[in-house]
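Comments concern the structure below.
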Amino acid sequence: MSRSVVSKSGKFAVVLGAVLALGGCTDVEQLPVEEPTTQEQDFARGCVTKDLSEAERNAVEQAIAGSVKGQARTPGSVTIKVYWHTITNTSGAGALSATAIANQISVLNAAYSKTPFKFSLVSTDTTANNSWYTTTGGTYETQMKNALRKGGAGDLNVYSNNMGGGLLGWATFPSSYSSQPKMDGVVILYSSLPGGSAAPFNQGDTATHEVGHWLGLYHTFQGGCTTTNDSVSDTPAESTPASGCPTGRDTCSSTGLDPITNFMDYSDDACMNTFSAGQIERMDTLTKQYRGI
């Protein structure tokens, strides 16, 4: 299956090609992207987090298998420092108010309230750079992150820009930090913040979704209807990502209804409200293993 995201003006299409078996994301450097304005877009939850290689995935699962099993740490017991980097163009488009960023942090804390993690905004900065403003990866992403990233493995760097192509964001996994520490972090569409223009993805849960990857989660449709799917036993498998809020959807009939309310699906923001106990334990394990928190 592939996902097409087409502008209202019909001038371009971006296809996220046959990658759902590996988690529904593809290498952002492979995407042909023009530079339309946010207002021209019809948004689908286009997450282009680059999937781990098979060897990397196997190493992660071995690390989890070798960890001490038990309940995750108590809710709110682990504070994650957040460094926010707002990228605008040289005309100032993409600028975010302090209130908008604070509201996004509040959404994160509400979404993760049953997990060990809480988020504390440490600093914000704004950079005007036309190339970084529309980057979807590659050289410009590398330049941006090398120039701006702060903190260590356990610190969350968020970059907001206007990536275009109907895309909403991407993230890096915990296990990738040691080999590419400067690339670590989350990139999100600036208009996906609460009250932004990227409806129905404008309640702040693009950040929730991408931070889920940053803490170690795959998409709920990872691997389709296979028994291992997203490597979390209590999230029912689904063959393809959900769109909208399709109550009662069941694409893998042997495992229960699709987890359309899970933050790691592709549902609309208004539909998302859940991390499973297994996901919470996985995030806890991987952040201790790879991020030292």
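By order of appearance in the structure tokens: chains A, B, ..., then residues from 1 within every chain, and ligands from 1 in the order shown.
These are the residues of segment 105-286 of chain A assigned strand (DSSP E) by DSSP from backbone coordinates: Phe117, Lys118, Phe119, Ser120, Leu121, Val122, Ser123, Thr124, Asp125, Thr126, Thr127, Ala128, Leu156, Asn157, Val158, Tyr159, Ser160, Asn161, Leu167, Leu168, Gly169, Trp170, Ala171, Val186, Val187, Ile188 and Leu189 of chain A.
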Can you tell me which residues surround segment 260-270 of chain A at a distance of at most 6 Å, considering only C-alpha atoms, apart from same-chain residues fewer than 5 positions away, and format the answer as a PDB file with N, CA, C and O atoms, in the first residue's frame?
```pdb
ATOM      1  N   ARG A  45      -1.645  11.979   7.937  1.00  0.00           N
ATOM      2  CA  ARG A  45      -0.587  11.911   8.940  1.00  0.00           C
ATOM      3  C   ARG A  45       0.667  11.333   8.291  1.00  0.00           C
ATOM      4  O   ARG A  45       0.951  10.145   8.378  1.00  0.00           O
ATOM      5  N   PRO A 200      -7.067  18.081  10.188  1.00  0.00           N
ATOM      6  CA  PRO A 200      -7.451  17.731  11.552  1.00  0.00           C
ATOM      7  C   PRO A 200      -6.270  17.300  12.434  1.00  0.00           C
ATOM      8  O   PRO A 200      -6.438  16.560  13.397  1.00  0.00           O
ATOM      9  N   PHE A 201      -5.089  17.760  12.089  1.00  0.00           N
ATOM     10  CA  PHE A 201      -3.885  17.423  12.855  1.00  0.00           C
ATOM     11  C   PHE A 201      -3.322  18.686  13.508  1.00  0.00           C
ATOM     12  O   PHE A 201      -2.137  18.981  13.397  1.00  0.00           O
ATOM     13  N   GLN A 203      -4.101  19.640  16.948  1.00  0.00           N
ATOM     14  CA  GLN A 203      -4.325  19.632  18.392  1.00  0.00           C
ATOM     15  C   GLN A 203      -3.063  19.257  19.175  1.00  0.00           C
ATOM     16  O   GLN A 203      -3.111  19.031  20.369  1.00  0.00           O
ATOM     17  N   ASP A 205      -0.947  16.566  18.596  1.00  0.00           N
ATOM     18  CA  ASP A 205      -0.560  15.165  18.736  1.00  0.00           C
ATOM     19  C   ASP A 205       0.382  14.663  17.653  1.00  0.00           C
ATOM     20  O   ASP A 205       0.813  13.505  17.695  1.00  0.00           O
ATOM     21  N   HIS A 209       3.009  11.890  18.771  1.00  0.00           N
ATOM     22  CA  HIS A 209       3.346  10.736  17.923  1.00  0.00           C
ATOM     23  C   HIS A 209       4.851  10.650  17.680  1.00  0.00           C
ATOM     24  O   HIS A 209       5.461   9.579  17.866  1.00  0.00           O
ATOM     25  N   HIS A 219       5.149   2.337  14.804  1.00  0.00           N
ATOM     26  CA  HIS A 219       3.733   2.505  14.496  1.00  0.00           C
ATOM     27  C   HIS A 219       2.960   1.250  14.904  1.00  0.00           C
ATOM     28  O   HIS A 219       3.497   0.146  14.889  1.00  0.00           O
ATOM     29  N   THR A 220       1.691   1.432  15.226  1.00  0.00           N
ATOM     30  CA  THR A 220       0.866   0.278  15.575  1.00  0.00           C
ATOM     31  C   THR A 220       0.670  -0.668  14.397  1.00  0.00           C
ATOM     32  O   THR A 220       0.373  -1.848  14.590  1.00  0.00           O
ATOM     33  N   PRO A 241      -2.358   1.732   8.155  1.00  0.00           N
ATOM     34  CA  PRO A 241      -2.656   2.825   9.079  1.00  0.00           C
ATOM     35  C   PRO A 241      -4.103   3.290   8.965  1.00  0.00           C
ATOM     36  O   PRO A 241      -4.694   3.285   7.888  1.00  0.00           O
ATOM     37  N   ALA A 242      -4.647   3.707  10.112  1.00  0.00           N
ATOM     38  CA  ALA A 242      -6.005   4.255  10.123  1.00  0.00           C
ATOM     39  C   ALA A 242      -5.989   5.701   9.642  1.00  0.00           C
ATOM     40  O   ALA A 242      -4.984   6.397   9.748  1.00  0.00           O
ATOM     41  N   SER A 243      -7.123   6.147   9.150  1.00  0.00           N
ATOM     42  CA  SER A 243      -7.292   7.532   8.728  1.00  0.00           C
ATOM     43  C   SER A 243      -8.618   8.028   9.263  1.00  0.00           C
ATOM     44  O   SER A 243      -9.615   7.298   9.253  1.00  0.00           O
ATOM     45  N   GLY A 244      -8.650   9.252   9.762  1.00  0.00           N
ATOM     46  CA  GLY A 244      -9.864   9.751  10.383  1.00  0.00           C
ATOM     47  C   GLY A 244     -10.010   9.149  11.771  1.00  0.00           C
ATOM     48  O   GLY A 244      -9.058   9.109  12.554  1.00  0.00           O
ATOM     49  N   CYS A 245     -11.205   8.645  12.082  1.00  0.00           N
ATOM     50  CA  CYS A 245     -11.446   7.966  13.358  1.00  0.00           C
ATOM     51  C   CYS A 245     -12.425   6.828  13.105  1.00  0.00           C
ATOM     52  O   CYS A 245     -13.588   6.890  13.509  1.00  0.00           O
ATOM     53  N   PHE A 275      -1.761   5.366  25.110  1.00  0.00           N
ATOM     54  CA  PHE A 275      -0.599   4.491  25.038  1.00  0.00           C
ATOM     55  C   PHE A 275      -0.952   3.232  25.822  1.00  0.00           C
ATOM     56  O   PHE A 275      -1.534   3.324  26.913  1.00  0.00           O
TER      57      PHE A 275
END
```
Counting only C-alpha atoms, the residue among A:Gly278, A:Gly92, A:Gly70, A:Pro236 that lies closest to Asn130 of chain A is A:Gly92
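When atom CA of Ser231 of chain A is paired with atom CA of Asn109 of chain A, their separation reads 24.5 Å.
What separates atom CA of Thr247 of chain A from atom CA of Tyr190 of chain A is a distance of 28.6 Å.
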List every residue of segment 82-209 of chain A that DSSP, applied to the backbone of this structure, places in helix (DSSP H, G or I), and write the result as a ChimeraX atom specification.
/A:98-111,130-133,139-148,174-176,181-183,190-192,205-209
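Closest approach to Asp250 of chain A among A:Val187, A:Trp84, A:Phe221, A:Cys271 is made by A:Phe221 (distances from only C-alpha atoms).
Closest approach to Thr134 of chain A from the set A:Val122, A:Leu217, A:Gly169, A:Pro116 is made by A:Gly169, with distances taken over only C-alpha atoms.
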So which residues touch Asp155 of chain A within 6 Å, counting only C-alpha atoms, skipping near sequence neighbours fewer than 3 positions away, as a list in words?
Ile80, Lys81, Gly151 and Gly152 of chain A
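You can rank A:Leu286, A:Leu189, A:Val232, A:Ile280 by their closest distance to Ala111 of chain A using only C-alpha atoms, and at the top of that list sits A:Ile280.
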Identify, on the basis of only C-alpha atoms, every residue whose closest approach to segment 176-178 of chain A does not exceed 8 Å; exclude the query and any residue fewer than 6 positions from it along the same chain; express the result as a PyMOL selection string.
chain A and resi 153+184+290-291
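Across the structure, atom CA of Thr74 of chain A and atom CA of Lys182 of chain A are spaced 29.8 Å apart.
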Within 12 Å of Ala59 of chain A using only C-alpha atoms, minus same-chain residues under 4 positions, as a ChimeraX atom specification:
/A:52-55,63-66,175-176,286,289-290
Considering only C-alpha atoms, can you say which of A:Ala237, A:Val107, A:Leu156, A:Thr255 comes closest to Asn202 of chain A?
A:Val107
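Omitting Gly204 of chain A and its sequence neighbours fewer than 5 positions away, and counting only C-alpha atoms, the residues within 8 Å are Gln104, Val107, Leu108, Ser192, Leu193, Pro194 and Asp269 of chain A.
Remark: for Gly224 of chain A, the closest of the candidate residues A:Leu257, A:Cys252, A:Ala72, A:Leu168 is A:Cys252 (distances computed over only C-alpha atoms).
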